[in-house]
Amino acid sequence: MTTATSWSKISDLLLEATSDTLYMVGVSTLLAALLGIPLGVLLHLTAPGGLSPQPLLNRLLSVVVDFGRSLPFIVLLIAILPFTRTIAGTTLGPAAAVVPLTIGAIPFVGRLVDNALREVDASVVEAAVTTGASKFRIVRSVLLREAAPAVVAAIGVTAIALVGYSAMAGVVGAGGLGDVAVRFGYHRYDYRVMWVTVAVLAVLVIAIQLAFDVVARAIDRRRRVNA
Amino acid sequence: MITVENLVKTFPSRSGNVVALDGVSLEVPQGTVCGVVGQSGAGKSTLARCIALLEKPDSGAIRVDGTDLVRLNGAALRAARRQIGVVPQGDSLLRQRTVAGNVALPLESAGVARLQRRARVLELLDLVGLADKAGAYPDQLSGGQRQRVAIARALAATPSVLLADEPTSALDPETTASVLTVLDRARAELGVTVLIVTHDMDVVRRVCDDVAVLERGRVVEHGKVLELISGDSRTAAALLPQTDQTTGLSSVDSNVGYGRYDGIAEVVLVGFAAVGALLPEASSRFGVNLALLGGGLTRLGDTPVARFRVGLTGDRADAALDFISEHGGVVRRRTREEVAA
Ligand SMILES: Nc1ncnc2c1ncn2[C@@H]1O[C@H](COP(=O)(O)OP(=O)(O)O)[C@@H](O)[C@H]1O
Ligand SMILES: [Mg+2]
């Protein structure tokens, strides 16, 4: 009963699906970084011993972030369908999928950035405080700059997680590589398509990792002379 | 000039409050170097952090050139912080910035334009002897070089006070010397008032004009080093050569022989003239034989200082000791029982 799809059809399909996946992952990574980095900074600043300790706000943010991270993506996807429709006007297609992908990734980025900032030595931050620097300057020129390689790596981890999430979103109508794998590989038992999809996904993940590694290394000015 | 008045700072802890500073008062005149010494946990860092305006004391005042800085907030606090250059305890350089970038940080905070920043940074790197390292990153420097960069950074925004918490604690003796030289130069060339927290008495010997001894959050001794060593002070005990040991002396009597002296005394001599000539002169003038029983020579800043235990033989031993005392030597007569103990 398998109606073998022709290779040229497969390659057309994959090309479109790959570009959809790239679109979903790219846009949602960008948005999650734009919103998640400030969230991570806020988490860090309001923590006990931070530059602006706010125990209550910090507790609240932490709970929200950890709740967001603990929610299985597929549940989040379904739970916020009405919200997705409000924002995107539809719940189908890659553009609509960006909404749950971004929302799922923001707390993830927030926590990773918070962790990255924690690696900046307290005495480095204090030295900056004693120069009379404003908090804004300390965040920008000291915390984020010193932690920049780790923050970039964190965004890379997020992008790769989003590749996986986007495939899941494909199952409920987002399109992309996950959608192809399900429709052709699963419903039609066309394992050729399945494996090619898997291979494309793997290449995608490796390429993303490589790209972020290169960037993280390029902006890291620490030079270990005798490490 | 820094004036600290009655500073109290407590930290809450599970087993009641820890009183880290218990009414600390201190005055450091303009252009002097003051060492804050004391055992671990005495409150040295807490004092330094309060003066650096990183920690708010429970009560008391911190005045730099007269203005109380303790109650300031917001922009006024940030402006006040610029008057106080701080070399924090530990490694505090930005590892993602070059040496020049690190030194420029306070200038950026102060809103100094790029061109002036560059000129000022080069001036300071010159002062600390690292002009050739402007483009290096902290990870490429040795510990002593990093500490000198931290000092240059602390001095960048022309503060009137320089504060350093254990600036040499992680360094070997040679690098320690280079760091202390730089601190001394800062005082000499820029006229800043310097406060150094340290547990190393050698730091006090080399660069401090004044010393404050902290003990359980209180100042138990404070004054000019050269004055304190003349008295019966902790500073004297810690800084001067021990008289029951023989630092750099060759022929020394053993305890057994104390009986044969007409007088025994401990003598502190300060300055080239006294250290070089006072004892021989007393000896020849009064026909007294002076034997060195212990002690030795040291140096406080540029001033040679000696503390000796001497045994005198001769009829006019007492007159010789009076002569030494009248000519600036500090003389403490000892009984045989005292020194033999
Ligand atoms: N942030 C803090 N929280 C609680 N206790 C502190 C804190 N900082 C210092 N202390 C306590 O205050 C006392 C003085 O500490 P510190 O000033 O660091 O001493 P020193 O620098 O002379 O070793 C110690 O008992 C220390 O445990
Ligand atoms: Mg300390």
# chains A, B, ... in the order shown; residues from 1 in each chain; ligands from 1
>>> closest_atom_pairs(of="chain A", to="chain B", cutoff="9 Å", atoms="only C-alpha atoms", output="tab-separated table")
residue	atom	partner	partner_atom	distance
A:Asp121	CA	B:Ser92	CA	7.5
A:Ala122	CA	B:Ser92	CA	8.2
A:Ser123	CA	B:Ser92	CA	5.1
A:Val124	CA	B:Ser92	CA	4.2
A:Val125	CA	B:Ser92	CA	7.8
A:Glu126	CA	B:Pro88	CA	7.6
A:Ala127	CA	B:Ser92	CA	6.2
A:Ala128	CA	B:Leu105	CA	7.4
A:Val129	CA	B:Leu54	CA	7.8
A:Thr130	CA	B:Arg81	CA	5.5
A:Thr131	CA	B:Pro106	CA	4.8
A:Gly132	CA	B:Arg78	CA	4.1
A:Ala133	CA	B:Ser109	CA	4.6
A:Ser134	CA	B:Ser109	CA	7.3
A:Arg137	CA	B:Ser109	CA	7.7
A:Ser141	CA	B:Leu105	CA	8.9
A:Val142	CA	B:Leu94	CA	7.2
A:Arg145	CA	B:Gln96	CA	7.1
A:Glu146	CA	B:Gln96	CA	5.6
A:Ala147	CA	B:Gln96	CA	8.7
A:Ala148	CA	B:Gln96	CA	9.0
A:Ile219	CA	B:Gln96	CA	8.5
A:Asp220	CA	B:Gln96	CA	6.6
A:Arg221	CA	B:Gln96	CA	4.9
A:Arg222	CA	B:Gln96	CA	5.8
A:Arg223	CA	B:Asp139	CA	5.9
A:Arg224	CA	B:Asp139	CA	6.0
A:Val225	CA	B:Gln140	CA	5.8
A:Asn226	CA	B:Gln140	CA	8.3
>>> residues_near_ligand(ligand="ligand 2", cutoff="7 Å", atoms="only C-alpha atoms and all ligand atoms", output="number ranges by chain")
B: 40-41, 44-45, 165
>>> write_last_selection(atoms="all heavy atoms", output="PDB file, in the first residue's frame")
ATOM      1  N   SER B  40      42.694  37.419  61.260  1.00  0.00           N
ATOM      2  CA  SER B  40      41.557  37.053  60.426  1.00  0.00           C
ATOM      3  C   SER B  40      40.277  37.168  61.251  1.00  0.00           C
ATOM      4  O   SER B  40      40.227  36.706  62.391  1.00  0.00           O
ATOM      5  CB  SER B  40      41.758  35.625  59.932  1.00  0.00           C
ATOM      6  OG  SER B  40      40.716  35.292  59.071  1.00  0.00           O
ATOM      7  N   GLY B  41      39.262  37.824  60.685  1.00  0.00           N
ATOM      8  CA  GLY B  41      37.999  37.976  61.387  1.00  0.00           C
ATOM      9  C   GLY B  41      37.937  39.197  62.285  1.00  0.00           C
ATOM     10  O   GLY B  41      36.931  39.438  62.954  1.00  0.00           O
ATOM     11  N   LYS B  44      38.713  43.789  59.391  1.00  0.00           N
ATOM     12  CA  LYS B  44      39.471  44.623  58.453  1.00  0.00           C
ATOM     13  C   LYS B  44      38.719  44.814  57.142  1.00  0.00           C
ATOM     14  O   LYS B  44      38.557  45.932  56.667  1.00  0.00           O
ATOM     15  CB  LYS B  44      40.841  43.987  58.160  1.00  0.00           C
ATOM     16  CG  LYS B  44      41.678  43.696  59.384  1.00  0.00           C
ATOM     17  CD  LYS B  44      43.041  43.151  59.008  1.00  0.00           C
ATOM     18  CE  LYS B  44      43.015  41.793  58.300  1.00  0.00           C
ATOM     19  NZ  LYS B  44      42.556  40.681  59.151  1.00  0.00           N
ATOM     20  N   SER B  45      38.270  43.700  56.564  1.00  0.00           N
ATOM     21  CA  SER B  45      37.592  43.811  55.272  1.00  0.00           C
ATOM     22  C   SER B  45      36.274  44.550  55.408  1.00  0.00           C
ATOM     23  O   SER B  45      35.887  45.309  54.511  1.00  0.00           O
ATOM     24  CB  SER B  45      37.341  42.421  54.679  1.00  0.00           C
ATOM     25  OG  SER B  45      38.558  41.834  54.295  1.00  0.00           O
ATOM     26  N   ASP B 165      42.472  46.106  49.786  1.00  0.00           N
ATOM     27  CA  ASP B 165      42.230  45.036  50.753  1.00  0.00           C
ATOM     28  C   ASP B 165      43.144  43.854  50.428  1.00  0.00           C
ATOM     29  O   ASP B 165      42.957  43.199  49.410  1.00  0.00           O
ATOM     30  CB  ASP B 165      40.760  44.612  50.715  1.00  0.00           C
ATOM     31  CG  ASP B 165      40.403  43.721  51.906  1.00  0.00           C
ATOM     32  OD1 ASP B 165      41.323  43.315  52.655  1.00  0.00           O
ATOM     33  OD2 ASP B 165      39.211  43.434  52.081  1.00  0.00           O
TER      34      ASP B 165
END
>>> residues_near_ligand(ligand="ligand 1", cutoff="10 Å", atoms="only C-alpha atoms and all ligand atoms", output="JSON, numbers by chain")
{"A": [49], "B": [9, 10, 11, 12, 13, 14, 17, 18, 19, 20, 21, 36, 37, 38, 39, 40, 41, 42, 43, 44, 45, 46, 47, 48, 49, 50, 55, 89, 165, 166, 197, 198, 199, 214, 215, 216, 217]}
>>> closest_residue(among="A:Asn115, A:Trp195, A:Thr90, A:Pro72", to="Tyr165 of chain A", atoms="only C-alpha atoms")
A:Pro72
>>> select_by_dssp(residues="segment 54-215 of chain B", states="alpha helix (DSSP H)", output="JSON, numbers by chain")
{"B": [74, 75, 76, 77, 78, 79, 80, 81, 82, 99, 100, 101, 102, 103, 104, 105, 106, 107, 108, 109, 114, 115, 116, 117, 118, 119, 120, 121, 122, 123, 124, 125, 126, 127, 143, 144, 145, 146, 147, 148, 149, 150, 151, 152, 153, 154, 155, 173, 174, 175, 176, 177, 178, 179, 180, 181, 182, 183, 184, 185, 186, 187, 188, 189, 190, 201, 202, 203, 204, 205, 206, 207]}
>>> atom_distance(atom1="atom CA of Ala164 of chain B", atom2="atom CA of Arg146 of chain B")
13.5 Å
>>> select_by_dssp(residues="segment 4-146 of chain B", states="strand (DSSP E)", output="MDAnalysis selection string")
chainID B and resid 4:11 18:28 33:37 59:64 67:68 84:87
>>> residues_around(residues="Ile206 of chain A", least_positions_apart="6", cutoff="12 Å", atoms="only C-alpha atoms", output="ChimeraX atom specification")
/A:156-157,159-160,163,199-200,212-213
>>> write_last_selection(atoms="all heavy atoms", output="PDB file, in the first residue's frame")
ATOM      1  N   GLY A 156      22.556  29.177  21.976  1.00  0.00           N
ATOM      2  CA  GLY A 156      22.754  28.024  21.086  1.00  0.00           C
ATOM      3  C   GLY A 156      22.021  26.794  21.586  1.00  0.00           C
ATOM      4  O   GLY A 156      21.350  26.086  20.820  1.00  0.00           O
ATOM      5  N   VAL A 157      22.129  26.546  22.879  1.00  0.00           N
ATOM      6  CA  VAL A 157      21.424  25.414  23.485  1.00  0.00           C
ATOM      7  C   VAL A 157      19.923  25.575  23.270  1.00  0.00           C
ATOM      8  O   VAL A 157      19.208  24.623  22.950  1.00  0.00           O
ATOM      9  CB  VAL A 157      21.746  25.341  24.998  1.00  0.00           C
ATOM     10  CG1 VAL A 157      20.813  24.365  25.703  1.00  0.00           C
ATOM     11  CG2 VAL A 157      23.204  24.946  25.208  1.00  0.00           C
ATOM     12  N   ALA A 159      18.436  27.291  20.834  1.00  0.00           N
ATOM     13  CA  ALA A 159      18.092  27.095  19.420  1.00  0.00           C
ATOM     14  C   ALA A 159      17.961  25.611  19.099  1.00  0.00           C
ATOM     15  O   ALA A 159      17.038  25.191  18.390  1.00  0.00           O
ATOM     16  CB  ALA A 159      19.158  27.747  18.533  1.00  0.00           C
ATOM     17  N   ILE A 160      18.872  24.823  19.661  1.00  0.00           N
ATOM     18  CA  ILE A 160      18.821  23.385  19.392  1.00  0.00           C
ATOM     19  C   ILE A 160      17.594  22.748  20.037  1.00  0.00           C
ATOM     20  O   ILE A 160      16.914  21.908  19.442  1.00  0.00           O
ATOM     21  CB  ILE A 160      20.133  22.730  19.870  1.00  0.00           C
ATOM     22  CG1 ILE A 160      21.229  23.095  18.870  1.00  0.00           C
ATOM     23  CG2 ILE A 160      19.981  21.215  19.991  1.00  0.00           C
ATOM     24  CD1 ILE A 160      22.620  22.761  19.325  1.00  0.00           C
ATOM     25  N   VAL A 163      14.740  23.346  17.819  1.00  0.00           N
ATOM     26  CA  VAL A 163      14.637  22.462  16.661  1.00  0.00           C
ATOM     27  C   VAL A 163      13.735  21.278  17.030  1.00  0.00           C
ATOM     28  O   VAL A 163      12.805  20.909  16.303  1.00  0.00           O
ATOM     29  CB  VAL A 163      16.022  21.962  16.205  1.00  0.00           C
ATOM     30  CG1 VAL A 163      15.880  20.881  15.139  1.00  0.00           C
ATOM     31  CG2 VAL A 163      16.856  23.122  15.680  1.00  0.00           C
ATOM     32  N   ALA A 199      18.120  12.821   9.031  1.00  0.00           N
ATOM     33  CA  ALA A 199      19.471  13.259   8.661  1.00  0.00           C
ATOM     34  C   ALA A 199      19.533  14.782   8.548  1.00  0.00           C
ATOM     35  O   ALA A 199      20.464  15.427   9.043  1.00  0.00           O
ATOM     36  CB  ALA A 199      19.879  12.616   7.337  1.00  0.00           C
ATOM     37  N   VAL A 200      18.505  15.364   7.921  1.00  0.00           N
ATOM     38  CA  VAL A 200      18.493  16.822   7.783  1.00  0.00           C
ATOM     39  C   VAL A 200      18.460  17.482   9.156  1.00  0.00           C
ATOM     40  O   VAL A 200      19.179  18.458   9.423  1.00  0.00           O
ATOM     41  CB  VAL A 200      17.285  17.274   6.933  1.00  0.00           C
ATOM     42  CG1 VAL A 200      17.156  18.799   6.962  1.00  0.00           C
ATOM     43  CG2 VAL A 200      17.430  16.781   5.503  1.00  0.00           C
ATOM     44  N   PHE A 212      27.225  28.543  16.793  1.00  0.00           N
ATOM     45  CA  PHE A 212      27.254  29.220  18.089  1.00  0.00           C
ATOM     46  C   PHE A 212      28.607  29.049  18.769  1.00  0.00           C
ATOM     47  O   PHE A 212      29.097  29.966  19.434  1.00  0.00           O
ATOM     48  CB  PHE A 212      26.117  28.722  18.982  1.00  0.00           C
ATOM     49  CG  PHE A 212      24.811  29.426  18.695  1.00  0.00           C
ATOM     50  CD1 PHE A 212      23.921  28.911  17.762  1.00  0.00           C
ATOM     51  CD2 PHE A 212      24.489  30.603  19.341  1.00  0.00           C
ATOM     52  CE1 PHE A 212      22.728  29.563  17.484  1.00  0.00           C
ATOM     53  CE2 PHE A 212      23.308  31.263  19.071  1.00  0.00           C
ATOM     54  CZ  PHE A 212      22.414  30.738  18.134  1.00  0.00           C
ATOM     55  N   ASP A 213      29.219  27.882  18.572  1.00  0.00           N
ATOM     56  CA  ASP A 213      30.565  27.680  19.123  1.00  0.00           C
ATOM     57  C   ASP A 213      31.541  28.689  18.543  1.00  0.00           C
ATOM     58  O   ASP A 213      32.350  29.276  19.262  1.00  0.00           O
ATOM     59  CB  ASP A 213      31.075  26.259  18.812  1.00  0.00           C
ATOM     60  CG  ASP A 213      30.525  25.244  19.795  1.00  0.00           C
ATOM     61  OD1 ASP A 213      29.879  25.679  20.781  1.00  0.00           O
ATOM     62  OD2 ASP A 213      30.724  24.041  19.574  1.00  0.00           O
TER      63      ASP A 213
END
>>> residues_around(residues="Ala33 of chain A", least_positions_apart="6", cutoff="12 Å", atoms="only C-alpha atoms", output="PDB file with N, CA, C and O atoms, in the first residue's frame")
ATOM      1  N   VAL A  25      12.576  28.163  14.003  1.00  0.00           N
ATOM      2  CA  VAL A  25      13.645  28.148  14.993  1.00  0.00           C
ATOM      3  C   VAL A  25      14.334  29.513  15.058  1.00  0.00           C
ATOM      4  O   VAL A  25      14.580  30.048  16.134  1.00  0.00           O
ATOM      5  N   GLY A  26      14.571  30.080  13.870  1.00  0.00           N
ATOM      6  CA  GLY A  26      15.277  31.367  13.832  1.00  0.00           C
ATOM      7  C   GLY A  26      14.501  32.456  14.536  1.00  0.00           C
ATOM      8  O   GLY A  26      15.031  33.131  15.428  1.00  0.00           O
ATOM      9  N   VAL A  27      13.226  32.603  14.145  1.00  0.00           N
ATOM     10  CA  VAL A  27      12.450  33.701  14.713  1.00  0.00           C
ATOM     11  C   VAL A  27      12.215  33.489  16.205  1.00  0.00           C
ATOM     12  O   VAL A  27      12.372  34.415  17.011  1.00  0.00           O
ATOM     13  N   LEU A  39      15.023  38.880  31.134  1.00  0.00           N
ATOM     14  CA  LEU A  39      14.463  38.108  32.240  1.00  0.00           C
ATOM     15  C   LEU A  39      15.592  37.516  33.101  1.00  0.00           C
ATOM     16  O   LEU A  39      15.550  37.571  34.333  1.00  0.00           O
ATOM     17  N   GLY A  40      16.597  36.957  32.438  1.00  0.00           N
ATOM     18  CA  GLY A  40      17.734  36.391  33.162  1.00  0.00           C
ATOM     19  C   GLY A  40      18.474  37.452  33.957  1.00  0.00           C
ATOM     20  O   GLY A  40      18.865  37.223  35.104  1.00  0.00           O
ATOM     21  N   VAL A  41      18.648  38.632  33.359  1.00  0.00           N
ATOM     22  CA  VAL A  41      19.316  39.732  34.059  1.00  0.00           C
ATOM     23  C   VAL A  41      18.501  40.118  35.292  1.00  0.00           C
ATOM     24  O   VAL A  41      19.040  40.298  36.391  1.00  0.00           O
ATOM     25  N   LEU A 101       6.534  28.419  20.620  1.00  0.00           N
ATOM     26  CA  LEU A 101       7.977  28.144  20.685  1.00  0.00           C
ATOM     27  C   LEU A 101       8.700  29.227  21.492  1.00  0.00           C
ATOM     28  O   LEU A 101       9.521  28.946  22.350  1.00  0.00           O
ATOM     29  N   THR A 102       8.330  30.471  21.202  1.00  0.00           N
ATOM     30  CA  THR A 102       8.967  31.579  21.915  1.00  0.00           C
ATOM     31  C   THR A 102       8.621  31.532  23.399  1.00  0.00           C
ATOM     32  O   THR A 102       9.490  31.644  24.262  1.00  0.00           O
ATOM     33  N   ILE A 103       7.349  31.335  23.668  1.00  0.00           N
ATOM     34  CA  ILE A 103       6.916  31.337  25.070  1.00  0.00           C
ATOM     35  C   ILE A 103       7.548  30.186  25.840  1.00  0.00           C
ATOM     36  O   ILE A 103       7.958  30.331  26.986  1.00  0.00           O
ATOM     37  N   GLY A 104       7.669  29.054  25.174  1.00  0.00           N
ATOM     38  CA  GLY A 104       8.311  27.923  25.841  1.00  0.00           C
ATOM     39  C   GLY A 104       9.785  28.170  26.113  1.00  0.00           C
ATOM     40  O   GLY A 104      10.342  27.688  27.093  1.00  0.00           O
ATOM     41  N   ALA A 105      10.432  28.955  25.226  1.00  0.00           N
ATOM     42  CA  ALA A 105      11.881  29.122  25.338  1.00  0.00           C
ATOM     43  C   ALA A 105      12.287  30.261  26.267  1.00  0.00           C
ATOM     44  O   ALA A 105      13.399  30.255  26.789  1.00  0.00           O
ATOM     45  N   ILE A 106      11.402  31.224  26.486  1.00  0.00           N
ATOM     46  CA  ILE A 106      11.790  32.392  27.303  1.00  0.00           C
ATOM     47  C   ILE A 106      12.279  31.990  28.711  1.00  0.00           C
ATOM     48  O   ILE A 106      13.358  32.413  29.131  1.00  0.00           O
ATOM     49  N   PRO A 107      11.511  31.186  29.449  1.00  0.00           N
ATOM     50  CA  PRO A 107      12.006  30.829  30.796  1.00  0.00           C
ATOM     51  C   PRO A 107      13.307  30.025  30.739  1.00  0.00           C
ATOM     52  O   PRO A 107      14.163  30.165  31.605  1.00  0.00           O
ATOM     53  N   PHE A 108      13.425  29.217  29.710  1.00  0.00           N
ATOM     54  CA  PHE A 108      14.636  28.435  29.481  1.00  0.00           C
ATOM     55  C   PHE A 108      15.847  29.367  29.347  1.00  0.00           C
ATOM     56  O   PHE A 108      16.843  29.243  30.061  1.00  0.00           O
ATOM     57  N   VAL A 109      15.716  30.353  28.450  1.00  0.00           N
ATOM     58  CA  VAL A 109      16.787  31.331  28.258  1.00  0.00           C
ATOM     59  C   VAL A 109      17.043  32.097  29.554  1.00  0.00           C
ATOM     60  O   VAL A 109      18.181  32.310  29.961  1.00  0.00           O
ATOM     61  N   GLY A 110      15.953  32.498  30.212  1.00  0.00           N
ATOM     62  CA  GLY A 110      16.081  33.280  31.447  1.00  0.00           C
ATOM     63  C   GLY A 110      16.948  32.569  32.471  1.00  0.00           C
ATOM     64  O   GLY A 110      17.872  33.159  33.038  1.00  0.00           O
ATOM     65  N   ARG A 111      16.681  31.290  32.682  1.00  0.00           N
ATOM     66  CA  ARG A 111      17.442  30.553  33.684  1.00  0.00           C
ATOM     67  C   ARG A 111      18.889  30.347  33.245  1.00  0.00           C
ATOM     68  O   ARG A 111      19.818  30.490  34.034  1.00  0.00           O
ATOM     69  N   LEU A 112      19.070  30.037  31.976  1.00  0.00           N
ATOM     70  CA  LEU A 112      20.441  29.829  31.489  1.00  0.00           C
ATOM     71  C   LEU A 112      21.269  31.111  31.592  1.00  0.00           C
ATOM     72  O   LEU A 112      22.447  31.085  31.958  1.00  0.00           O
ATOM     73  N   VAL A 113      20.642  32.255  31.289  1.00  0.00           N
ATOM     74  CA  VAL A 113      21.360  33.528  31.373  1.00  0.00           C
ATOM     75  C   VAL A 113      21.681  33.840  32.837  1.00  0.00           C
ATOM     76  O   VAL A 113      22.787  34.276  33.169  1.00  0.00           O
ATOM     77  N   VAL A 151      26.551  33.366  27.494  1.00  0.00           N
ATOM     78  CA  VAL A 151      25.204  33.738  27.061  1.00  0.00           C
ATOM     79  C   VAL A 151      24.981  33.249  25.625  1.00  0.00           C
ATOM     80  O   VAL A 151      23.932  32.687  25.302  1.00  0.00           O
ATOM     81  N   VAL A 152      25.980  33.438  24.779  1.00  0.00           N
ATOM     82  CA  VAL A 152      25.866  32.964  23.400  1.00  0.00           C
ATOM     83  C   VAL A 152      25.674  31.446  23.381  1.00  0.00           C
ATOM     84  O   VAL A 152      24.817  30.920  22.669  1.00  0.00           O
ATOM     85  N   ALA A 153      26.458  30.755  24.199  1.00  0.00           N
ATOM     86  CA  ALA A 153      26.309  29.300  24.271  1.00  0.00           C
ATOM     87  C   ALA A 153      24.903  28.930  24.736  1.00  0.00           C
ATOM     88  O   ALA A 153      24.305  27.970  24.231  1.00  0.00           O
ATOM     89  N   ALA A 154      24.369  29.704  25.678  1.00  0.00           N
ATOM     90  CA  ALA A 154      23.021  29.428  26.182  1.00  0.00           C
ATOM     91  C   ALA A 154      21.979  29.603  25.082  1.00  0.00           C
ATOM     92  O   ALA A 154      21.036  28.812  24.967  1.00  0.00           O
ATOM     93  N   ILE A 155      22.154  30.621  24.254  1.00  0.00           N
ATOM     94  CA  ILE A 155      21.213  30.830  23.151  1.00  0.00           C
ATOM     95  C   ILE A 155      21.330  29.665  22.157  1.00  0.00           C
ATOM     96  O   ILE A 155      20.339  29.202  21.586  1.00  0.00           O
ATOM     97  N   GLY A 156      22.556  29.177  21.976  1.00  0.00           N
ATOM     98  CA  GLY A 156      22.754  28.024  21.086  1.00  0.00           C
ATOM     99  C   GLY A 156      22.021  26.794  21.586  1.00  0.00           C
ATOM    100  O   GLY A 156      21.350  26.086  20.820  1.00  0.00           O
ATOM    101  N   VAL A 157      22.129  26.546  22.879  1.00  0.00           N
ATOM    102  CA  VAL A 157      21.424  25.414  23.485  1.00  0.00           C
ATOM    103  C   VAL A 157      19.923  25.575  23.270  1.00  0.00           C
ATOM    104  O   VAL A 157      19.208  24.623  22.950  1.00  0.00           O
ATOM    105  N   THR A 158      19.462  26.811  23.417  1.00  0.00           N
ATOM    106  CA  THR A 158      18.040  27.093  23.228  1.00  0.00           C
ATOM    107  C   THR A 158      17.623  26.822  21.775  1.00  0.00           C
ATOM    108  O   THR A 158      16.584  26.189  21.527  1.00  0.00           O
ATOM    109  N   ALA A 159      18.436  27.291  20.834  1.00  0.00           N
ATOM    110  CA  ALA A 159      18.092  27.095  19.420  1.00  0.00           C
ATOM    111  C   ALA A 159      17.961  25.611  19.099  1.00  0.00           C
ATOM    112  O   ALA A 159      17.038  25.191  18.390  1.00  0.00           O
TER     113      ALA A 159
END
>>> residues_around(residues="Val310 of chain B", least_positions_apart="3", cutoff="9 Å", atoms="only C-alpha atoms", output="list in words")
Gly263, Ile264, Ala265, Glu266, Val267, Leu290, Ala291, Leu292, Leu293, Gly294 and Gly295 of chain B
>>> atom_distance(atom1="atom CA of Val204 of chain B", atom2="atom CA of Val121 of chain B")
28.7 Å
>>> closest_atom_pairs(of="segment 87-157 of chain A", to="segment 5-22 of chain A", cutoff="9 Å", atoms="only C-alpha atoms", output="tab-separated table")
residue	atom	partner	partner_atom	distance
A:Gly93	CA	A:Asp20	CA	8.7
A:Pro94	CA	A:Asp20	CA	6.2
A:Ala95	CA	A:Asp20	CA	9.0
>>> atom_distance(atom1="atom CA of Val220 of chain B", atom2="atom CA of Val24 of chain B")
9.5 Å
>>> residues_around(residues="Ser178 of chain B", least_positions_apart="5", cutoff="12 Å", atoms="only C-alpha atoms", output="MDAnalysis selection string")
chainID B and resid 127:130 142:149 151 167:168 171:173 183:185 203 206:207
>>> residues_around(residues="Thr3 of chain B", least_positions_apart="4", cutoff="6 Å", atoms="only C-alpha atoms", output="tab-separated table (two decimals) with C-alpha atoms, in the first residue's frame")
chain	number	residue	atom	x	y	z
B	26	LEU	CA	40.28	56.34	62.46
B	27	GLU	CA	41.95	59.31	60.88
B	62	ILE	CA	32.91	58.21	56.97
B	63	ARG	CA	34.29	61.52	55.85
>>> decode(residues="segment 185-194 of chain A", atoms="N, CA, C and O atoms", output="PDB file, in the first residue's frame")
ATOM      1  N   GLY A 185       6.705   9.694   6.757  1.00  0.00           N
ATOM      2  CA  GLY A 185       7.379   8.578   7.410  1.00  0.00           C
ATOM      3  C   GLY A 185       6.418   7.754   8.239  1.00  0.00           C
ATOM      4  O   GLY A 185       6.406   6.524   8.155  1.00  0.00           O
ATOM      5  N   TYR A 186       5.565   8.407   8.986  1.00  0.00           N
ATOM      6  CA  TYR A 186       4.721   7.693   9.924  1.00  0.00           C
ATOM      7  C   TYR A 186       3.428   7.207   9.284  1.00  0.00           C
ATOM      8  O   TYR A 186       3.142   6.018   9.254  1.00  0.00           O
ATOM      9  N   HIS A 187       2.664   8.144   8.682  1.00  0.00           N
ATOM     10  CA  HIS A 187       1.377   7.757   8.100  1.00  0.00           C
ATOM     11  C   HIS A 187       1.526   6.889   6.863  1.00  0.00           C
ATOM     12  O   HIS A 187       0.718   6.012   6.602  1.00  0.00           O
ATOM     13  N   ARG A 188       2.590   7.116   6.072  1.00  0.00           N
ATOM     14  CA  ARG A 188       2.701   6.347   4.831  1.00  0.00           C
ATOM     15  C   ARG A 188       3.808   5.298   4.908  1.00  0.00           C
ATOM     16  O   ARG A 188       4.145   4.700   3.888  1.00  0.00           O
ATOM     17  N   TYR A 189       4.332   5.100   6.041  1.00  0.00           N
ATOM     18  CA  TYR A 189       5.409   4.108   6.227  1.00  0.00           C
ATOM     19  C   TYR A 189       6.540   4.282   5.233  1.00  0.00           C
ATOM     20  O   TYR A 189       7.141   3.315   4.802  1.00  0.00           O
ATOM     21  N   ASP A 190       6.798   5.520   4.827  1.00  0.00           N
ATOM     22  CA  ASP A 190       7.885   5.740   3.881  1.00  0.00           C
ATOM     23  C   ASP A 190       9.158   6.071   4.662  1.00  0.00           C
ATOM     24  O   ASP A 190       9.450   7.223   4.945  1.00  0.00           O
ATOM     25  N   TYR A 191       9.866   5.001   4.999  1.00  0.00           N
ATOM     26  CA  TYR A 191      11.013   5.202   5.871  1.00  0.00           C
ATOM     27  C   TYR A 191      12.141   5.961   5.214  1.00  0.00           C
ATOM     28  O   TYR A 191      12.969   6.541   5.872  1.00  0.00           O
ATOM     29  N   ARG A 192      12.154   5.970   3.890  1.00  0.00           N
ATOM     30  CA  ARG A 192      13.174   6.775   3.218  1.00  0.00           C
ATOM     31  C   ARG A 192      13.016   8.231   3.635  1.00  0.00           C
ATOM     32  O   ARG A 192      13.963   8.894   4.034  1.00  0.00           O
ATOM     33  N   VAL A 193      11.793   8.709   3.538  1.00  0.00           N
ATOM     34  CA  VAL A 193      11.526  10.100   3.903  1.00  0.00           C
ATOM     35  C   VAL A 193      11.877  10.323   5.360  1.00  0.00           C
ATOM     36  O   VAL A 193      12.510  11.308   5.734  1.00  0.00           O
ATOM     37  N   MET A 194      11.459   9.369   6.176  1.00  0.00           N
ATOM     38  CA  MET A 194      11.734   9.468   7.614  1.00  0.00           C
ATOM     39  C   MET A 194      13.213   9.660   7.880  1.00  0.00           C
ATOM     40  O   MET A 194      13.623  10.567   8.579  1.00  0.00           O
TER      41      MET A 194
END
